[in-house]
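This is work-v6.cif. It holds mmCIF, C-alpha atoms.
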data_upload
loop_
_atom_site.label_atom_id
_atom_site.label_comp_id
_atom_site.auth_asym_id
_atom_site.auth_seq_id
_atom_site.Cartn_x
_atom_site.Cartn_y
_atom_site.Cartn_z
CA MET A 18 0.00 0.00 0.00
CA TYR A 19 1.09 3.57 -0.57
CA ARG A 20 2.71 5.59 2.20
CA THR A 21 4.14 8.62 0.36
CA ILE A 22 2.77 10.16 -2.83
CA LEU A 23 4.74 12.77 -4.77
CA VAL A 24 3.01 15.44 -6.86
CA PRO A 25 5.34 17.51 -9.07
CA TYR A 26 3.69 20.90 -9.44
CA ASP A 27 4.28 24.14 -11.32
CA GLY A 28 1.00 25.98 -10.88
CA SER A 29 -0.24 25.23 -14.40
CA ALA A 30 -3.67 23.80 -15.15
CA PRO A 31 -2.32 20.39 -16.28
CA SER A 32 -0.24 19.96 -13.12
CA ALA A 33 -3.19 21.10 -10.99
CA ARG A 34 -5.27 18.19 -12.31
CA ALA A 35 -3.01 15.84 -10.37
CA LEU A 36 -3.88 17.38 -6.99
CA PRO A 37 -7.48 16.14 -6.51
CA LEU A 38 -6.56 12.68 -7.81
CA ALA A 39 -3.59 12.44 -5.44
CA ALA A 40 -5.86 13.59 -2.62
CA ALA A 41 -8.43 10.91 -3.42
CA ILE A 42 -5.77 8.18 -3.50
CA ALA A 43 -4.35 9.45 -0.20
CA ARG A 44 -7.77 9.32 1.45
CA HIS A 45 -8.25 5.74 0.25
CA THR A 46 -4.84 4.59 1.48
CA GLY A 47 -3.93 6.91 4.33
CA ALA A 48 -0.81 8.03 2.47
CA SER A 49 0.79 11.42 2.90
CA VAL A 50 1.23 13.71 -0.11
CA ARG A 51 4.34 15.74 -0.85
CA VAL A 52 3.90 18.56 -3.35
CA ALA A 53 7.17 19.60 -5.00
CA ILE A 54 7.99 22.70 -7.00
CA VAL A 55 11.43 22.97 -8.55
CA HIS A 56 12.96 26.46 -8.43
CA ASP A 57 15.39 26.59 -11.35
CA PRO A 58 17.05 30.04 -11.70
CA SER A 59 18.63 29.03 -15.01
CA ALA A 60 15.16 29.05 -16.58
CA TYR A 61 14.88 32.86 -16.39
CA ILE A 62 18.40 34.27 -15.86
CA PRO A 63 18.89 36.87 -18.63
CA PHE A 64 21.82 36.87 -21.03
CA VAL A 65 23.79 39.97 -22.03
CA PRO A 66 24.17 40.01 -25.83
CA GLY A 67 27.57 40.43 -27.40
CA GLU A 68 30.17 38.39 -29.20
CA VAL A 69 29.56 35.80 -26.51
CA SER A 70 26.29 35.83 -24.56
CA ILE A 71 26.98 36.03 -20.86
CA PRO A 72 24.44 34.99 -18.21
CA VAL A 73 23.74 37.60 -15.56
CA TYR A 74 22.73 36.51 -12.09
CA ASP A 75 20.05 38.92 -10.86
CA GLN A 76 19.59 38.15 -7.17
CA GLU A 77 16.47 40.28 -6.87
CA LEU A 78 14.85 38.53 -9.84
CA VAL A 79 15.77 35.12 -8.45
CA SER A 80 14.36 36.06 -5.05
CA THR A 81 11.10 37.29 -6.61
CA HIS A 82 10.65 34.02 -8.52
CA ARG A 83 11.45 31.98 -5.42
CA GLN A 84 8.85 33.86 -3.40
CA HIS A 85 6.29 33.31 -6.15
CA ASP A 86 7.07 29.57 -6.25
CA GLN A 87 6.72 29.34 -2.49
CA LYS A 88 3.34 31.09 -2.61
CA VAL A 89 2.11 28.70 -5.33
CA LEU A 90 3.40 25.74 -3.34
CA ASP A 91 1.70 26.89 -0.12
CA GLY A 92 -1.59 27.23 -1.99
CA ALA A 93 -1.38 23.67 -3.34
CA VAL A 94 -0.57 22.25 0.10
CA GLU A 95 -3.45 24.15 1.66
CA GLN A 96 -5.81 22.80 -1.03
CA LEU A 97 -4.83 19.24 -0.12
CA ARG A 98 -5.07 19.82 3.62
CA SER A 99 -8.54 21.32 3.23
CA ALA A 100 -9.47 18.06 1.48
CA GLY A 101 -8.49 16.12 4.60
CA VAL A 102 -5.08 14.96 3.40
CA ASN A 103 -1.80 14.91 5.31
CA ALA A 104 0.18 17.14 2.94
CA SER A 105 3.50 18.94 2.94
CA GLY A 106 5.45 21.00 0.43
CA ALA A 107 9.02 20.99 -0.82
CA LEU A 108 10.62 23.88 -2.72
CA LEU A 109 13.50 22.22 -4.53
CA GLU A 110 16.52 23.82 -6.20
CA GLY A 111 18.10 22.71 -9.47
CA THR A 112 17.01 21.33 -12.82
CA ILE A 113 13.50 19.93 -12.75
CA VAL A 114 13.86 16.22 -13.50
CA GLU A 115 17.08 15.70 -11.55
CA ALA A 116 15.70 17.54 -8.51
CA LEU A 117 12.46 15.55 -8.58
CA GLU A 118 14.29 12.24 -8.95
CA GLU A 119 16.59 12.99 -6.01
CA HIS A 120 13.71 14.15 -3.82
CA ALA A 121 11.64 11.07 -4.66
CA GLN A 122 14.47 8.81 -3.54
CA GLN A 123 15.13 10.75 -0.35
CA ALA A 124 11.44 10.79 0.59
CA SER A 125 10.96 7.06 -0.23
CA VAL A 126 8.12 7.89 -2.60
CA ASP A 127 5.84 4.92 -3.48
CA LEU A 128 3.82 6.64 -6.21
CA THR A 129 4.19 9.81 -8.26
CA VAL A 130 1.08 11.52 -9.62
CA MET A 131 1.71 14.14 -12.27
CA GLY A 132 -0.20 15.99 -14.95
CA THR A 133 0.84 15.96 -18.60
CA HIS A 134 0.49 18.52 -21.36
CA GLY A 135 -0.13 15.81 -23.95
CA ARG A 136 2.45 16.92 -26.51
CA SER A 137 3.55 14.38 -29.11
CA GLY A 138 5.93 13.75 -31.98
CA PHE A 139 8.47 16.41 -32.93
CA GLU A 140 6.69 18.99 -30.74
CA ARG A 141 7.31 16.74 -27.73
CA LEU A 142 10.94 16.26 -28.74
CA ARG A 143 11.56 19.97 -29.37
CA LEU A 144 9.73 21.38 -26.38
CA GLY A 145 10.61 18.58 -24.03
CA SER A 146 8.33 16.97 -21.49
CA VAL A 147 8.96 16.75 -17.77
CA ALA A 148 6.71 13.69 -17.56
CA THR A 149 8.57 11.88 -20.36
CA ALA A 150 11.98 12.75 -18.95
CA PHE A 151 10.94 11.76 -15.44
CA LEU A 152 9.71 8.38 -16.67
CA THR A 153 13.17 7.59 -18.03
CA ARG A 154 14.58 7.93 -14.49
CA ALA A 155 11.75 7.06 -12.10
CA THR A 156 12.13 3.94 -9.98
CA MET A 157 8.52 3.93 -8.79
CA PRO A 158 5.24 3.74 -10.74
CA VAL A 159 4.03 7.07 -12.12
CA LEU A 160 0.35 7.92 -12.52
CA LEU A 161 0.02 10.30 -15.47
CA VAL A 162 -3.06 12.51 -15.53
CA PRO A 163 -3.97 13.83 -19.02
CA GLY A 164 -4.09 17.58 -19.47
CA THR A 165 -7.57 17.15 -20.87
CA GLY A 166 -9.80 14.28 -19.94
CA GLU A 167 -13.26 13.02 -19.17
CA GLN A 168 -12.81 12.23 -15.49
CA ASP A 169 -14.60 14.49 -13.03
CA GLN A 170 -12.79 14.56 -9.72
CA SER A 171 -15.10 17.13 -8.13
CA THR A 172 -17.17 14.26 -6.71
CA GLY A 173 -14.29 13.14 -4.49
CA GLU A 174 -13.93 9.82 -6.30
CA ALA A 175 -10.40 8.84 -7.25
CA LEU A 176 -11.30 7.78 -10.81
CA ALA A 177 -14.26 8.03 -13.14
CA GLY A 178 -14.46 4.23 -13.53
CA ASP A 179 -13.86 1.19 -11.36
CA VAL A 180 -11.83 -0.93 -13.83
CA LEU A 181 -8.06 -1.00 -14.37
CA ILE A 182 -7.04 -2.08 -17.88
CA CYS A 183 -3.78 -4.10 -17.99
CA PRO A 184 -2.39 -4.84 -21.48
CA LEU A 185 -0.12 -7.91 -21.61
CA ASP A 186 1.80 -9.45 -24.51
CA GLY A 187 3.21 -12.51 -22.77
CA SER A 188 6.63 -11.00 -22.12
CA PRO A 189 8.32 -10.55 -18.72
CA PHE A 190 8.57 -6.87 -19.64
CA SER A 191 4.79 -6.34 -19.81
CA GLU A 192 4.30 -8.50 -16.70
CA SER A 193 6.66 -6.24 -14.70
CA MET A 194 3.70 -3.90 -14.27
CA LEU A 195 1.46 -6.52 -12.64
CA PRO A 196 2.65 -6.15 -9.00
CA HIS A 197 2.11 -2.38 -9.23
CA ALA A 198 -1.22 -2.84 -10.96
CA ARG A 199 -2.36 -5.15 -8.16
CA THR A 200 -1.32 -2.62 -5.52
CA PHE A 201 -3.08 0.22 -7.34
CA ALA A 202 -6.23 -1.84 -7.88
CA ALA A 203 -6.32 -2.94 -4.23
CA ALA A 204 -5.76 0.61 -2.98
CA LEU A 205 -8.69 2.00 -4.97
CA GLU A 206 -10.88 -1.12 -5.02
CA LEU A 207 -10.68 -1.50 -8.79
CA ARG A 208 -11.40 -4.61 -10.82
CA MET A 209 -8.48 -5.61 -13.02
CA HIS A 210 -9.16 -6.44 -16.66
CA LEU A 211 -6.33 -8.08 -18.61
CA ILE A 212 -6.18 -7.64 -22.36
CA GLY A 213 -4.08 -9.44 -24.96
CA VAL A 214 -3.95 -8.22 -28.56
CA ALA A 215 -3.36 -10.55 -31.50
CA VAL A 216 -2.14 -8.67 -34.57
CA PRO A 217 -3.31 -10.17 -37.90
CA HIS A 218 -0.53 -11.58 -40.08
CA ALA A 219 -0.58 -11.06 -43.83
CA ILE A 220 0.31 -13.61 -46.50
CA PRO A 221 1.10 -12.73 -50.14
CA MET A 222 -1.54 -13.43 -52.77
CA ALA A 223 0.88 -14.60 -55.47
CA PRO A 224 -1.61 -14.72 -58.36
CA PHE A 225 -2.42 -11.05 -57.83
CA GLY A 226 1.13 -9.76 -57.41
CA ALA A 227 3.51 -9.36 -54.52
CA GLU A 228 1.78 -6.18 -53.36
CA ALA A 229 -1.51 -7.94 -52.67
CA LEU A 230 -1.86 -9.34 -49.17
CA LEU A 231 -4.44 -11.46 -47.41
CA ALA A 232 -4.96 -11.89 -43.68
CA ASP A 233 -3.86 -15.32 -42.45
CA SER A 234 -7.00 -16.36 -40.57
CA GLU A 235 -5.54 -19.63 -39.30
CA ALA A 236 -2.50 -17.90 -37.81
CA LEU A 237 -4.74 -15.24 -36.26
CA GLU A 238 -7.03 -17.85 -34.71
CA ALA A 239 -4.06 -19.74 -33.29
CA GLU A 240 -2.52 -16.57 -31.85
CA THR A 241 -5.82 -15.46 -30.32
CA SER A 242 -6.28 -18.89 -28.73
CA GLY A 243 -2.79 -18.68 -27.31
CA ARG A 244 -3.50 -15.24 -25.87
CA GLU A 245 -6.66 -16.55 -24.22
CA GLU A 246 -4.84 -19.43 -22.53
CA TYR A 247 -2.06 -17.09 -21.36
CA LEU A 248 -4.46 -14.47 -19.95
CA SER A 249 -6.45 -17.18 -18.17
CA ARG A 250 -3.29 -18.37 -16.39
CA VAL A 251 -2.23 -14.85 -15.41
CA ALA A 252 -5.73 -13.95 -14.20
CA ALA A 253 -5.63 -16.88 -11.79
CA ASP A 254 -2.80 -15.12 -9.91
CA CYS A 255 -4.61 -11.78 -9.84
CA PRO A 256 -7.21 -10.54 -7.33
CA ALA A 257 -10.62 -12.19 -7.29
CA GLY A 258 -12.93 -10.79 -9.91
CA THR A 259 -10.17 -10.18 -12.47
CA THR A 260 -11.50 -10.52 -16.01
CA TRP A 261 -9.68 -10.83 -19.31
CA SER A 262 -10.21 -10.70 -23.05
CA ALA A 263 -8.17 -11.53 -26.15
CA VAL A 264 -8.86 -9.31 -29.15
CA HIS A 265 -7.30 -8.78 -32.56
CA ASP A 266 -6.43 -5.47 -34.16
CA MET A 267 -3.79 -4.09 -36.50
CA SER A 268 -3.02 -1.46 -33.82
CA VAL A 269 -2.28 -2.58 -30.26
CA ALA A 270 -2.70 0.95 -28.94
CA ARG A 271 -6.12 1.26 -30.58
CA ALA A 272 -7.20 -2.08 -29.11
CA VAL A 273 -6.18 -0.90 -25.64
CA GLU A 274 -8.14 2.31 -26.05
CA ASP A 275 -11.18 0.38 -27.30
CA ALA A 276 -10.99 -1.96 -24.30
CA ALA A 277 -10.76 0.99 -21.91
CA ARG A 278 -13.86 2.52 -23.47
CA ASP A 279 -15.81 -0.75 -23.56
CA GLN A 280 -14.99 -1.54 -19.93
CA ARG A 281 -15.58 2.08 -18.87
CA ALA A 282 -12.17 1.95 -17.24
CA GLY A 283 -10.92 4.48 -14.75
CA ALA A 284 -7.23 3.93 -15.56
CA ILE A 285 -4.77 1.97 -17.68
CA ALA A 286 -1.65 0.25 -16.28
CA MET A 287 1.28 -0.32 -18.63
CA ALA A 288 5.01 -0.98 -18.58
CA THR A 289 7.36 1.28 -20.51
CA HIS A 290 10.93 0.99 -21.72
CA GLY A 291 11.44 4.62 -20.75
CA ARG A 292 13.16 5.60 -23.98
CA GLY A 293 13.74 9.26 -24.70
CA GLY A 294 14.68 11.63 -27.50
CA PHE A 295 15.16 10.45 -31.08
CA LYS A 296 15.28 6.79 -30.04
CA ARG A 297 11.74 6.99 -28.67
CA LEU A 298 10.51 8.93 -31.68
CA VAL A 299 12.03 6.57 -34.25
CA LEU A 300 11.36 3.24 -32.54
CA GLY A 301 7.92 4.19 -31.28
CA SER A 302 6.20 2.72 -28.27
CA VAL A 303 2.77 1.22 -27.73
CA THR A 304 2.74 2.83 -24.29
CA ASP A 305 3.62 6.19 -25.81
CA GLU A 306 0.81 5.86 -28.36
CA VAL A 307 -1.69 5.06 -25.63
CA LEU A 308 -0.50 7.95 -23.47
CA ARG A 309 -0.96 10.41 -26.33
CA ALA A 310 -4.49 9.20 -27.05
CA THR A 311 -5.97 8.36 -23.66
CA THR A 312 -8.28 10.67 -21.75
CA ILE A 313 -8.02 8.67 -18.51
CA PRO A 314 -5.07 8.40 -16.09
CA ALA A 315 -2.33 5.89 -16.94
CA LEU A 316 -0.22 4.08 -14.36
CA VAL A 317 3.19 3.61 -15.97
CA TYR A 318 6.17 1.66 -14.65
CA ARG A 319 9.67 1.48 -16.04
CA LYS A 320 11.46 -1.67 -15.01
CA PRO A 321 15.07 -0.81 -14.01
CA GLU A 322 17.76 -2.16 -16.31
#

Just dump the structure as structure tokens.
Amino acid sequence: MYRTILVPYDGSAPSARALPLAAAIARHTGASVRVAIVHDPSAYIPFVPGEVSIPVYDQELVSTHRQHDQKVLDGAVEQLRSAGVNASGALLEGTIVEALEEHAQQASVDLTVMGTHGRSGFERLRLGSVATAFLTRATMPVLLVPGTGEQDQSTGEALAGDVLICPLDGSPFSESMLPHARTFAAALELRMHLIGVAVPHAIPMAPFGAEALLADSEALEAETSGREEYLSRVAADCPAGTTWSAVHDMSVARAVEDAARDQRAGAIAMATHGRGGFKRLVLGSVTDEVLRATTIPALVYRKPE
């Protein structure tokens, strides 16, 4: 069960969406919530133009920004305390991701809840993403809250639905999420629903040319049957009431989204390789595709190398 929940915060609307969800989880589990704002002077220190731009440390400007950050932090902590949560704040110094990672380790954080802006593709690569960068370093599960979504947390409920979707492909990598999914489901009294996706294979239709392809129905049926047997075995080791389904789709991410909608899920739990930069953009990631498309929170875990 969770004891310490970290909420990275910057005062923006996307980051603010994490506060009521963290509060609801804390009320369910009795965990304490630590709100963290990272004060990074390098983000606004001006540069003097010339042959070589020189940074100028303006102590008054830095002090003004620090006071503003502290005020924003105090407001977030007060919001959580008024919701009946044991909350505290931490004004950190340094670069954002590194400071958050160090603080999470020092505070023995069990779960991080953070909002996302939902950028994707080259925009995500160019502008950067604190959530993406943090995932490449986090050692605990991270609950990502979409910047825009359908869930209404004004009712005090943790999630809009009572089902946790858990995509599995039969690999130890995808199964690394299961212990964290079980903990999350138990903490919020969610029913786990396992999903396995069989991707149709194509075979050439020689008489019609090499470009013509036909779905191999026998291979698809065999793969789907194998997924069903696998999910049945895994479900037996999951909490009572766990359900499962094997589906087929050309897009695994689309199948996961469809399952979440059909089950009226409150969250999705997935493992991630935690790739970043060009490698992530070029290689792609089913988890990344789901995160860009989903309107419900996603519990993501990166298994350490």

Given the file above and the PyMOL selection byres ((chain A and resi 304) around 12), which residues are selected, and can you give them as a PyMOL selection string?
chain A and resi 149+152+161+183-185+191+268-271+273-274+285-292+297+300-303+305-311+315-319

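Distance annotation: of A:Leu36, A:Leu207, A:Ala252, A:Leu23, the residue with the minimal separation from Leu195 in chain A is A:Ala252; atom set is only C-alpha atoms.
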
Once the PyMOL selection byres ((chain A and resi 156) around 8) has been evaluated on this model, what residues remain selected, and can you format them as a list in words?
Arg154, Ala155, Met157, Pro158, Tyr318, Arg319, Lys320 and Pro321 of chain A

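Separating CA of Arg20 in chain A from CA of His45 in chain A is a distance of 11.1 Å.
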
All residues 10 Å or closer to Ala272 in chain A, all atoms listed in the file, same chain fewer than 6 positions away omitted, as a PyMOL selection string
chain A and resi 184+212-216+263-266+278+307

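Proximity of A:Gly47, A:Pro31, A:Pro256, A:Gly164 to Arg199 in chain A, computed with all atoms listed in the file, is greatest for A:Pro256.
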
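The shortest atom-to-atom distance to Ser262 in chain A, with all atoms listed in the file taken into account, belongs to A:His210 out of A:His82, A:Arg250, A:His210, A:Lys88.
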
When the PyMOL selection byres ((chain A and resi 41) around 9) is applied to the structure above, which residues does it catch, written out as a compact mmCIF listing (two decimals) with C-alpha atoms, in the coordinates of the input?
# COMPACT_ATOMS: atom_id res chain seq x y z
CA LEU A 36 -3.88 17.38 -6.99
CA PRO A 37 -7.48 16.14 -6.51
CA LEU A 38 -6.56 12.68 -7.81
CA ALA A 39 -3.59 12.44 -5.44
CA ALA A 40 -5.86 13.59 -2.62
CA ILE A 42 -5.77 8.18 -3.50
CA ALA A 43 -4.35 9.45 -0.20
CA ARG A 44 -7.77 9.32 1.45
CA HIS A 45 -8.25 5.74 0.25
CA THR A 46 -4.84 4.59 1.48
CA ALA A 100 -9.47 18.06 1.48
CA VAL A 102 -5.08 14.96 3.40
CA GLN A 170 -12.79 14.56 -9.72
CA GLY A 173 -14.29 13.14 -4.49
CA GLU A 174 -13.93 9.82 -6.30
CA ALA A 175 -10.40 8.84 -7.25
CA LEU A 176 -11.30 7.78 -10.81

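Residue nearest Asp179 in chain A, chosen from A:Gly132, A:Gly283, A:Pro314, A:Pro196 and counting only C-alpha atoms: A:Gly283.
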
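With CA of Leu237 in chain A on one side and CA of Pro217 in chain A on the other, the separation reads 5.5 Å.
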